[in-house]
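Source file model00.tsv; content: TSV, C-alpha atoms.
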chain	number	residue	atom	x	y	z
A	51	MET	CA	44.23	30.18	-62.12
A	52	ALA	CA	45.13	27.37	-59.72
A	53	THR	CA	42.33	25.52	-57.95
A	54	ASN	CA	42.13	25.42	-54.18
A	55	ALA	CA	43.46	21.86	-54.03
A	56	GLU	CA	46.48	22.81	-56.15
A	57	SER	CA	47.15	25.83	-53.94
A	58	ILE	CA	47.08	23.66	-50.81
A	59	ARG	CA	49.41	21.10	-52.41
A	60	ASN	CA	51.80	23.85	-53.44
A	61	VAL	CA	51.84	25.24	-49.91
A	62	ALA	CA	52.49	21.74	-48.55
A	63	ILE	CA	55.41	21.23	-50.92
A	64	PHE	CA	56.77	24.63	-49.93
A	65	ALA	CA	56.53	23.55	-46.28
A	66	GLY	CA	58.67	20.47	-46.93
A	67	ALA	CA	56.19	17.74	-47.70
A	68	PRO	CA	57.14	15.39	-50.52
A	69	PRO	CA	55.19	16.01	-53.69
A	70	ARG	CA	52.40	13.48	-54.36
A	71	SER	CA	53.41	11.69	-57.47
A	72	GLU	CA	50.41	9.38	-57.83
A	73	ALA	CA	46.81	10.35	-58.02
A	74	LEU	CA	44.18	8.68	-55.80
A	75	PRO	CA	42.62	5.62	-57.41
A	76	ALA	CA	39.15	6.27	-58.76
A	77	VAL	CA	37.85	2.90	-57.51
A	78	PRO	CA	38.69	1.77	-53.90
A	79	CYS	CA	40.90	-1.29	-53.69
A	80	ALA	CA	39.66	-4.59	-52.11
A	81	ARG	CA	41.44	-3.85	-48.79
A	82	THR	CA	39.76	-0.46	-48.40
A	83	ARG	CA	36.39	-2.01	-49.27
A	84	SER	CA	36.74	-4.68	-46.57
A	85	HIS	CA	37.68	-1.95	-44.04
A	86	ALA	CA	34.57	-0.02	-44.97
A	87	GLN	CA	32.40	-3.12	-44.64
A	88	LEU	CA	33.90	-3.90	-41.23
A	89	ALA	CA	33.29	-0.36	-40.07
A	90	LEU	CA	29.70	-0.58	-41.28
A	91	PHE	CA	29.27	-3.89	-39.43
A	92	TRP	CA	30.58	-2.42	-36.17
A	93	LYS	CA	28.46	0.68	-36.58
A	94	THR	CA	25.34	-1.45	-37.13
A	95	THR	CA	26.19	-3.69	-34.18
A	96	ALA	CA	26.76	-0.68	-31.93
A	97	LEU	CA	23.47	0.81	-33.06
A	98	VAL	CA	21.59	-2.44	-32.38
A	99	VAL	CA	23.23	-2.84	-28.95
A	100	ALA	CA	22.52	0.81	-28.06
A	101	SER	CA	18.90	0.46	-29.19
A	102	LEU	CA	18.45	-2.74	-27.18
A	103	ALA	CA	20.03	-1.09	-24.13
A	104	ALA	CA	17.76	1.93	-24.55
A	105	ILE	CA	14.66	-0.29	-24.91
A	106	GLY	CA	15.77	-2.37	-21.91
A	107	ALA	CA	16.34	0.75	-19.83
A	108	MET	CA	12.95	2.07	-20.89
A	109	VAL	CA	11.23	-1.23	-19.96
A	110	VAL	CA	13.01	-1.34	-16.59
A	111	ALA	CA	12.17	2.32	-15.95
A	112	THR	CA	8.52	1.71	-16.83
A	113	THR	CA	8.05	-1.60	-15.04
A	114	GLY	CA	10.17	-0.83	-11.97
A	115	ILE	CA	12.84	-2.59	-9.98
A	116	ILE	CA	12.76	-4.98	-7.06
A	117	TRP	CA	15.35	-4.00	-4.47
A	118	VAL	CA	16.46	-6.55	-1.92
A	119	SER	CA	19.04	-5.86	0.73
A	120	VAL	CA	19.91	-8.28	3.51
A	121	GLU	CA	22.64	-7.35	5.94
A	122	GLU	CA	23.88	-9.51	8.78
A	123	ARG	CA	25.11	-7.24	11.51
A	124	GLN	CA	27.58	-9.70	13.02
A	125	PRO	CA	31.29	-9.24	12.14
A	126	GLY	CA	32.00	-10.87	8.78
A	127	GLY	CA	28.30	-11.19	8.13
A	128	THR	CA	27.07	-11.20	4.58
A	129	HIS	CA	25.59	-8.19	2.88
A	130	LEU	CA	23.42	-9.08	-0.08
A	131	ARG	CA	22.19	-6.37	-2.41
A	132	LEU	CA	20.04	-7.25	-5.34
A	133	ALA	CA	18.32	-5.10	-7.93
A	134	LEU	CA	16.07	-7.05	-10.24
A	135	PRO	CA	13.90	-5.71	-13.05
A	136	ALA	CA	10.35	-6.32	-11.80
A	137	ILE	CA	9.20	-7.51	-15.22
A	138	LEU	CA	11.35	-10.63	-14.76
A	139	ILE	CA	9.05	-12.00	-12.03
A	140	PRO	CA	5.85	-12.40	-14.11
A	141	LEU	CA	7.97	-13.45	-17.11
A	142	GLY	CA	9.83	-15.98	-14.97
A	143	LEU	CA	6.58	-17.37	-13.56
A	144	ARG	CA	5.35	-17.91	-17.13
A	145	LEU	CA	8.43	-19.92	-17.91
A	146	VAL	CA	8.24	-22.13	-14.82
A	147	PRO	CA	6.54	-25.40	-15.75
A	148	GLY	CA	3.04	-25.63	-14.23
A	149	ASP	CA	3.78	-28.96	-12.53
A	150	VAL	CA	6.43	-27.36	-10.35
A	151	TRP	CA	4.18	-24.91	-8.50
A	152	ARG	CA	0.61	-25.92	-9.35
A	153	GLU	CA	0.05	-27.48	-5.92
A	154	GLN	CA	1.28	-24.37	-4.06
A	155	ALA	CA	-0.68	-22.14	-6.43
A	156	GLY	CA	-3.81	-24.13	-5.65
A	157	GLN	CA	-3.29	-23.66	-1.92
A	158	ALA	CA	-2.69	-19.93	-2.30
A	159	GLN	CA	-5.52	-19.44	-4.80
A	160	PRO	CA	-8.29	-18.55	-2.28
A	161	TRP	CA	-6.23	-15.58	-1.12
A	162	MET	CA	-5.49	-14.23	-4.57
A	163	PRO	CA	-8.73	-12.19	-4.88
A	164	VAL	CA	-7.71	-10.51	-1.61
A	165	VAL	CA	-4.25	-9.71	-2.97
A	166	LYS	CA	-5.71	-8.42	-6.25
A	167	ALA	CA	-8.27	-6.23	-4.46
A	168	ALA	CA	-5.55	-4.89	-2.16
A	169	ALA	CA	-3.20	-4.21	-5.10
A	170	ASP	CA	-5.92	-2.35	-7.02
A	171	GLU	CA	-6.75	-0.19	-4.04
A	172	LEU	CA	-3.14	0.36	-2.98
A	173	LYS	CA	-2.42	1.92	-6.37
A	174	LYS	CA	-4.98	4.63	-5.60
A	175	CYS	CA	-3.85	5.24	-2.00
A	176	PRO	CA	-1.61	8.16	-1.17
A	177	ASP	CA	1.86	7.41	0.15
A	178	ALA	CA	1.75	6.32	3.78
A	179	THR	CA	3.19	4.06	6.43
A	180	PHE	CA	0.67	1.26	6.90
A	181	VAL	CA	2.36	-0.64	9.69
A	182	GLU	CA	5.11	0.43	12.04
A	183	VAL	CA	6.29	-1.67	14.95
A	184	ARG	CA	9.05	-0.14	16.96
A	185	SER	CA	10.64	-1.46	20.14
A	186	ARG	CA	14.00	-1.21	21.83
A	187	HIS	CA	15.47	-3.93	19.62
A	188	GLU	CA	13.30	-4.14	16.58
A	189	LEU	CA	11.79	-2.05	13.83
A	190	VAL	CA	9.29	-3.22	11.24
A	191	ASN	CA	7.95	-0.81	8.66
A	192	ILE	CA	5.55	-1.44	5.80
A	193	ALA	CA	4.85	1.58	3.64
A	194	LYS	CA	3.84	2.79	0.23
A	195	ARG	CA	6.23	5.19	-1.45
A	196	GLY	CA	5.51	6.42	-4.95
A	197	GLY	CA	3.97	3.34	-6.53
A	198	GLU	CA	6.15	0.93	-4.56
A	199	MET	CA	5.66	-1.12	-1.44
A	200	VAL	CA	8.59	-0.80	0.91
A	201	VAL	CA	9.22	-3.30	3.69
A	202	ASP	CA	11.96	-2.71	6.24
A	203	PHE	CA	12.96	-4.95	9.09
A	204	ASP	CA	15.72	-4.14	11.52
A	205	ASP	CA	16.84	-5.93	14.64
A	206	ALA	CA	20.08	-6.53	16.48
A	207	SER	CA	21.25	-9.23	14.07
A	208	ASP	CA	19.75	-8.40	10.68
A	209	SER	CA	18.65	-5.56	8.52
A	210	VAL	CA	16.33	-6.42	5.64
A	211	HIS	CA	14.97	-4.06	3.01
A	212	LEU	CA	12.59	-5.02	0.25
A	213	SER	CA	10.82	-2.78	-2.21
A	214	PHE	CA	8.79	-3.69	-5.26
A	215	PRO	CA	6.26	-2.06	-7.59
A	216	ILE	CA	2.66	-2.47	-6.38
A	217	TYR	CA	1.41	-3.67	-9.77
A	218	LEU	CA	3.57	-6.77	-9.26
A	219	LEU	CA	1.19	-7.98	-6.51
A	220	GLY	CA	-1.78	-8.02	-8.89
A	221	SER	CA	0.23	-9.46	-11.76
A	222	VAL	CA	1.63	-12.34	-9.69
A	223	ALA	CA	-1.79	-12.95	-8.08
A	224	HIS	CA	-3.33	-13.28	-11.56
A	225	GLN	CA	-0.75	-15.86	-12.54
A	226	ILE	CA	-1.07	-17.85	-9.33
A	227	GLU	CA	-4.84	-17.83	-9.72
A	228	ALA	CA	-4.59	-19.03	-13.32
A	229	ALA	CA	-2.13	-21.77	-12.38
A	230	GLY	CA	-4.35	-22.85	-9.49
A	231	GLU	CA	-7.39	-23.07	-11.79
A	232	ARG	CA	-5.50	-25.34	-14.20
A	233	ARG	CA	-4.87	-27.75	-11.33
B	190	MET	CA	-22.83	45.45	-13.31
B	191	LYS	CA	-25.65	43.19	-12.17
B	192	THR	CA	-24.41	40.44	-14.52
B	193	ASN	CA	-20.94	40.69	-12.98
B	194	ARG	CA	-22.36	40.31	-9.48
B	195	VAL	CA	-24.37	37.24	-10.52
B	196	MET	CA	-21.25	35.75	-12.11
B	197	LEU	CA	-19.21	36.44	-8.96
B	198	VAL	CA	-21.82	34.79	-6.74
B	199	GLY	CA	-21.99	31.84	-9.16
B	200	LEU	CA	-18.21	31.52	-9.06
B	201	LEU	CA	-18.16	31.60	-5.25
B	202	VAL	CA	-20.92	28.97	-5.08
B	203	ALA	CA	-19.00	26.79	-7.55
B	204	LEU	CA	-15.77	27.17	-5.54
B	205	PHE	CA	-17.60	26.33	-2.31
B	206	GLY	CA	-19.18	23.32	-4.00
B	207	VAL	CA	-15.82	22.06	-5.27
B	208	SER	CA	-14.17	22.48	-1.85
B	209	ALA	CA	-17.12	20.78	-0.11
B	210	PHE	CA	-16.94	17.91	-2.60
B	211	ARG	CA	-13.20	17.60	-2.03
B	212	ALA	CA	-13.67	17.50	1.74
B	213	ALA	CA	-16.34	14.82	1.36
B	214	ALA	CA	-14.15	12.83	-0.99
B	215	ALA	CA	-11.08	13.02	1.32
B	216	GLU	CA	-9.73	9.58	2.13
B	217	GLN	CA	-10.65	8.33	5.59
B	218	TRP	CA	-8.10	6.28	7.50
B	219	ILE	CA	-8.53	3.95	10.44
B	220	HIS	CA	-5.65	4.16	12.89
B	221	VAL	CA	-4.54	1.75	15.58
B	222	LYS	CA	-1.98	2.95	18.07
B	223	VAL	CA	-0.59	0.66	20.76
B	224	ASP	CA	1.99	1.85	23.27
B	225	SER	CA	3.50	-0.52	25.77
B	226	ARG	CA	5.29	0.68	28.85
B	227	VAL	CA	6.68	-2.71	29.83
B	228	GLY	CA	9.17	-5.15	28.33
B	229	ASP	CA	10.60	-3.86	25.07
B	230	GLU	CA	8.32	-0.83	25.21
B	231	GLU	CA	6.82	-1.78	21.91
B	232	LYS	CA	4.99	0.82	19.86
B	233	VAL	CA	2.65	-0.29	17.11
B	234	ARG	CA	1.09	2.02	14.54
B	235	VAL	CA	-1.34	0.78	11.91
B	236	ASN	CA	-2.86	3.13	9.35
B	237	VAL	CA	-5.28	1.66	6.84
B	238	PRO	CA	-7.37	3.58	4.32
B	239	LEU	CA	-11.02	2.63	4.85
B	240	SER	CA	-11.45	2.35	1.08
B	241	LEU	CA	-8.83	-0.42	1.12
B	242	ALA	CA	-10.60	-2.24	3.96
B	243	GLU	CA	-13.91	-1.83	2.14
B	244	LYS	CA	-12.55	-3.46	-1.03
B	245	VAL	CA	-10.49	-6.18	0.64
B	246	LEU	CA	-13.03	-7.41	3.21
B	247	PRO	CA	-15.55	-8.81	0.65
B	248	ALA	CA	-12.70	-10.64	-1.09
B	249	ILE	CA	-11.79	-12.64	2.02
B	250	GLN	CA	-13.32	-16.10	2.15
B	251	ALA	CA	-12.12	-17.52	5.44
B	252	ASP	CA	-13.70	-19.80	8.05
B	253	CYS	CA	-16.20	-17.39	9.55
B	254	LEU	CA	-15.78	-14.43	7.20
B	255	HIS	CA	-17.45	-14.60	3.80
B	256	ASN	CA	-18.21	-11.74	1.42
B	257	GLY	CA	-17.44	-9.22	4.12
B	258	LYS	CA	-19.84	-10.81	6.63
B	259	VAL	CA	-19.03	-12.58	9.87
B	260	ARG	CA	-21.26	-15.45	10.88
B	261	ILE	CA	-22.30	-15.24	14.53
B	262	GLU	CA	-21.74	-18.64	16.10
B	263	GLY	CA	-24.14	-19.89	18.72
B	264	ASN	CA	-27.85	-19.81	19.21
B	265	MET	CA	-29.32	-16.43	18.20
B	266	ASP	CA	-32.90	-17.65	17.91
B	267	GLY	CA	-34.17	-15.71	20.88
B	268	VAL	CA	-32.33	-12.49	20.07
B	269	ASP	CA	-33.42	-10.04	17.41
B	270	LEU	CA	-30.46	-7.69	17.22
B	271	ARG	CA	-32.09	-5.44	14.66
B	272	ALA	CA	-35.21	-4.92	16.76
B	273	LEU	CA	-32.97	-4.20	19.73
B	274	MET	CA	-31.06	-1.66	17.67
B	275	ASP	CA	-34.29	-0.03	16.47
B	276	ALA	CA	-35.40	0.33	20.07
B	277	ILE	CA	-32.07	1.88	21.07
B	278	ARG	CA	-32.12	4.31	18.15
B	279	SER	CA	-35.62	5.51	18.88
B	280	ALA	CA	-34.96	5.85	22.61
B	281	GLN	CA	-33.74	9.07	24.19
B	282	ASP	CA	-30.19	9.44	25.41
B	283	SER	CA	-29.84	7.20	28.43
B	284	GLU	CA	-27.85	4.46	30.10
B	285	PHE	CA	-29.07	1.02	29.17
B	286	VAL	CA	-26.71	-1.07	31.24
B	287	THR	CA	-24.98	-0.14	34.45
B	288	VAL	CA	-22.96	-2.66	36.42
B	289	ASP	CA	-21.31	-1.50	39.60
B	290	GLY	CA	-19.13	-4.08	41.28
B	291	LYS	CA	-16.56	-3.67	44.02
B	292	HIS	CA	-13.76	-3.13	41.54
B	293	GLU	CA	-15.57	-3.05	38.23
B	294	HIS	CA	-17.94	-0.53	36.68
B	295	VAL	CA	-19.60	-1.05	33.31
B	296	ARG	CA	-21.81	1.45	31.57
B	297	VAL	CA	-23.54	1.07	28.20
B	298	ALA	CA	-25.33	4.17	26.99
B	299	LYS	CA	-26.67	6.03	24.02
B	300	GLN	CA	-25.51	9.57	23.59
B	301	GLY	CA	-26.61	11.44	20.49
B	302	ALA	CA	-25.61	9.47	17.43
B	303	TYR	CA	-23.25	7.25	19.38
B	304	MET	CA	-23.34	4.08	21.39
B	305	LEU	CA	-20.96	4.31	24.35
B	306	ILE	CA	-19.43	1.50	26.34
B	307	ARG	CA	-17.36	2.41	29.35
B	308	VAL	CA	-15.55	-0.03	31.62
B	309	ARG	CA	-13.50	0.81	34.71
B	310	ASP	CA	-11.69	-2.02	36.46
B	311	ASP	CA	-9.31	-1.52	39.38
B	312	SER	CA	-9.25	-5.12	40.62
B	313	GLU	CA	-5.84	-5.97	39.18
B	314	TRP	CA	-4.17	-2.65	39.84
B	315	ARG	CA	-5.81	-1.53	43.04
B	316	ARG	CA	-2.61	-1.94	45.03
B	317	GLN	CA	-0.85	0.46	42.72
B	318	GLY	CA	-3.80	2.78	42.58
B	319	LYS	CA	-4.22	2.23	38.83
B	320	THR	CA	-7.44	1.60	36.97
B	321	GLU	CA	-7.98	-0.27	33.75
B	322	THR	CA	-10.17	1.80	31.48
B	323	VAL	CA	-11.97	0.85	28.30
B	324	ASP	CA	-13.95	3.39	26.28
B	325	VAL	CA	-15.76	2.40	23.12
B	326	LYS	CA	-17.67	4.93	21.06
B	327	VAL	CA	-19.45	3.56	18.00
B	328	PRO	CA	-21.63	5.65	15.69
B	329	LEU	CA	-25.17	4.22	15.58
B	330	SER	CA	-25.05	4.32	11.78
B	331	VAL	CA	-22.12	1.89	11.94
B	332	VAL	CA	-24.01	-0.45	14.28
B	333	ASP	CA	-26.99	-0.27	11.90
B	334	ALA	CA	-24.76	-1.17	8.97
B	335	LEU	CA	-23.17	-3.96	10.98
B	336	LEU	CA	-26.59	-5.50	11.56
B	337	SER	CA	-27.78	-4.95	8.00
B	338	GLY	CA	-26.73	-8.44	6.87
B	339	GLY	CA	-28.64	-11.64	7.55
B	340	LYS	CA	-30.05	-12.59	10.94
B	341	ASN	CA	-26.89	-14.32	12.11
B	342	ASP	CA	-24.46	-12.16	10.19
B	343	LEU	CA	-22.45	-9.07	11.01
B	344	ASP	CA	-21.81	-7.11	7.84
B	345	LEU	CA	-18.28	-5.81	8.36
B	346	ALA	CA	-17.97	-4.38	4.85
B	347	ALA	CA	-21.15	-2.33	5.31
B	348	ALA	CA	-19.89	-1.17	8.72
B	349	VAL	CA	-16.62	0.01	7.18
B	350	ARG	CA	-18.59	1.84	4.49
B	351	ALA	CA	-20.73	3.51	7.15
B	352	LEU	CA	-17.62	4.43	9.11
B	353	ARG	CA	-16.16	6.05	6.02
B	354	GLU	CA	-19.31	8.05	5.46
B	355	HIS	CA	-19.50	9.06	9.12
B	356	GLY	CA	-16.18	10.93	9.09
B	357	ASP	CA	-13.70	11.58	11.88
B	358	THR	CA	-14.46	9.71	15.11
B	359	GLU	CA	-12.87	8.13	18.15
B	360	LEU	CA	-13.66	4.43	18.39
B	361	VAL	CA	-11.74	2.63	21.11
B	362	SER	CA	-9.47	3.71	23.90
B	363	VAL	CA	-7.98	1.20	26.33
B	364	ASN	CA	-5.52	1.82	29.12
B	365	ASP	CA	-4.60	-1.08	31.36
B	366	GLY	CA	-1.68	0.52	33.14
B	367	GLU	CA	0.91	-1.30	31.04
B	368	GLU	CA	-0.47	-0.70	27.58
B	369	THR	CA	-2.60	1.87	25.87
B	370	VAL	CA	-4.63	1.11	22.75
B	371	HIS	CA	-6.24	3.82	20.71
B	372	ILE	CA	-8.38	3.26	17.59
B	373	TRP	CA	-9.84	6.15	15.64
B	374	VAL	CA	-10.82	7.35	12.17
B	375	ASP	CA	-9.72	10.58	10.53
B	376	SER	CA	-8.52	11.92	7.22
B	377	GLN	CA	-4.81	11.94	8.16
B	378	ASN	CA	-2.56	9.20	6.86
B	379	THR	CA	-0.35	9.16	9.96
B	380	SER	CA	-1.01	8.21	13.59
B	381	GLU	CA	0.96	11.07	15.13
Give the structure from this file in structure tokens form.
Amino acid sequence: MATNAESIRNVAIFAGAPPRSEALPAVPCARTRSHAQLALFWKTTALVVASLAAIGAMVVATTGIIWVSVEERQPGGTHLRLALPAILIPLGLRLVPGDVWREQAGQAQPWMPVVKAAADELKKCPDATFVEVRSRHELVNIAKRGGEMVVDFDDASDSVHLSFPIYLLGSVAHQIEAAGERR
Amino acid sequence: MKTNRVMLVGLLVALFGVSAFRAAAAEQWIHVKVDSRVGDEEKVRVNVPLSLAEKVLPAIQADCLHNGKVRIEGNMDGVDLRALMDAIRSAQDSEFVTVDGKHEHVRVAKQGAYMLIRVRDDSEWRRQGKTETVDVKVPLSVVDALLSGGKNDLDLAAAVRALREHGDTELVSVNDGEETVHIWVDSQNTSE
């Protein structure tokens, strides 16, 4: 009784395919082995890249994004749009050498407890518009929307939008305070 | 049957207690609303949760504001504000100050749990038949809290705390013909 493989081969020969004269080698040749290794390398690389991207996306999703949009209303005016992972700000401040901003940090230091207290309390506040100034030619809006502070400014020549996670205020205030104390 | 009734009453009392607690715990907001009828017809709306003001004020260490208290400049040796306040609180509702000028009328009074200041001035706008009006209504508990600091201090943080505990109230209303200013406290997070 023919095995399944033999039956398939017989059908293939009947259909016009040339008969296979040589059997498959039991051990893969060097070329096949290098192909397999390359494939494994690419698979590993893809997995690492995908994991890093997933972790990055998770970090960005957790820590929030700073959105900046500046639009000049004049013809040919620039339109800048920037989305920055919020985590980069405290990380970046850590990397900046203390000498560069210690003086400014020292000057701002007395106000940092105010910023920290405001940030702590803002987290607990419900969403609201804190300040709205509206005139014929100008609009200023400062609001809290879902864990973010949103600042909008509009006038005849410019439109500016800035939003950032509230925790960033406290985090940056901590760092400025620490840098000011080291002065 | 009796047990069921007791349980029902208990449940109702608990529900009432929870709703009362929620109402008491509702966030109070101070609102400032400025409407201008001249120039660019500017409209300003400021809404600040009193809890935020209460936490932020003591953190400010500026020239005259420290730990939520404002230092009163000038000679206060002859004035005991707290004794004055005690006298006002224990007095019956009445007008303490009345100034009637040709174009200006000022009235300072106590009415219930409030201190009222009312100013009417038509000197600037008399030709147009307009009157500048200022109405200030401050809960006495807030004035008490304001004076609860040292002799020469106004305790703003304590006043904000008292304002929060007092609940909804009108504070300031100014109309000078060109601009209106309205300051009040309620549990809404919008000025409209």
Can you pull out every residue within 9 Å of stretch 300-303 of chain B, counting all atoms listed in the file, but drop anything in the same chain fewer than 3 positions away, and send it as a count of residues only? 10
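Interface residues of chain A facing chain B, defined by any atom at most 9 Å away and using all atoms listed in the file, are A:Pro160, A:Trp161, A:Met162, A:Pro163, A:Val164, A:Val165, A:Lys166, A:Ala167, A:Ala168, A:Asp170, A:Glu171, A:Leu172, A:Cys175, A:Pro176, A:Asp177, A:Ala178, A:Thr179, A:Phe180, A:Val181, A:Glu182, A:Val183, A:Arg184, A:Ser185, A:Arg186, A:His187, A:Glu188.
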Can I get the selection written as an mmCIF file, in the frame of the given file, with C-alpha atoms?
data_model
loop_
_atom_site.group_PDB
_atom_site.id
_atom_site.type_symbol
_atom_site.label_atom_id
_atom_site.label_comp_id
_atom_site.auth_asym_id
_atom_site.auth_seq_id
_atom_site.Cartn_x
_atom_site.Cartn_y
_atom_site.Cartn_z
ATOM 1 C CA PRO A 160 -8.290 -18.550 -2.280
ATOM 2 C CA TRP A 161 -6.230 -15.580 -1.120
ATOM 3 C CA MET A 162 -5.490 -14.230 -4.570
ATOM 4 C CA PRO A 163 -8.730 -12.190 -4.880
ATOM 5 C CA VAL A 164 -7.710 -10.510 -1.610
ATOM 6 C CA VAL A 165 -4.250 -9.710 -2.970
ATOM 7 C CA LYS A 166 -5.710 -8.420 -6.250
ATOM 8 C CA ALA A 167 -8.270 -6.230 -4.460
ATOM 9 C CA ALA A 168 -5.550 -4.890 -2.160
ATOM 10 C CA ASP A 170 -5.920 -2.350 -7.020
ATOM 11 C CA GLU A 171 -6.750 -0.190 -4.040
ATOM 12 C CA LEU A 172 -3.140 0.360 -2.980
ATOM 13 C CA CYS A 175 -3.850 5.240 -2.000
ATOM 14 C CA PRO A 176 -1.610 8.160 -1.170
ATOM 15 C CA ASP A 177 1.860 7.410 0.150
ATOM 16 C CA ALA A 178 1.750 6.320 3.780
ATOM 17 C CA THR A 179 3.190 4.060 6.430
ATOM 18 C CA PHE A 180 0.670 1.260 6.900
ATOM 19 C CA VAL A 181 2.360 -0.640 9.690
ATOM 20 C CA GLU A 182 5.110 0.430 12.040
ATOM 21 C CA VAL A 183 6.290 -1.670 14.950
ATOM 22 C CA ARG A 184 9.050 -0.140 16.960
ATOM 23 C CA SER A 185 10.640 -1.460 20.140
ATOM 24 C CA ARG A 186 14.000 -1.210 21.830
ATOM 25 C CA HIS A 187 15.470 -3.930 19.620
ATOM 26 C CA GLU A 188 13.300 -4.140 16.580
#
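We find atom CA of B:Ala348 and atom CA of B:Asp333 to be spaced 7.8 Å apart.
We find atom CA of B:Thr322 and atom CA of A:Val190 to be spaced 28.5 Å apart.
Near B:Gly366, within 8 Å and counting all atoms listed in the file, sit Trp314, Lys319, Thr320, Glu321 and Thr369 of chain B, not including residues fewer than 3 positions from it in the same chain.
Interatomic distance, atom CA of B:Ile219 to atom CA of B:Ser376: 8.6 Å.
Of the listed residues (A:Leu90, A:Ala155, A:Ala100, A:Leu218), A:Leu218 comes nearest to A:Ala169; the distances count all atoms listed in the file.
Using only C-alpha atoms for every distance, the candidate list A:Ile115, A:Leu212, A:Leu141, A:Val222 yields A:Leu212 as the residue closest to A:Asn191.
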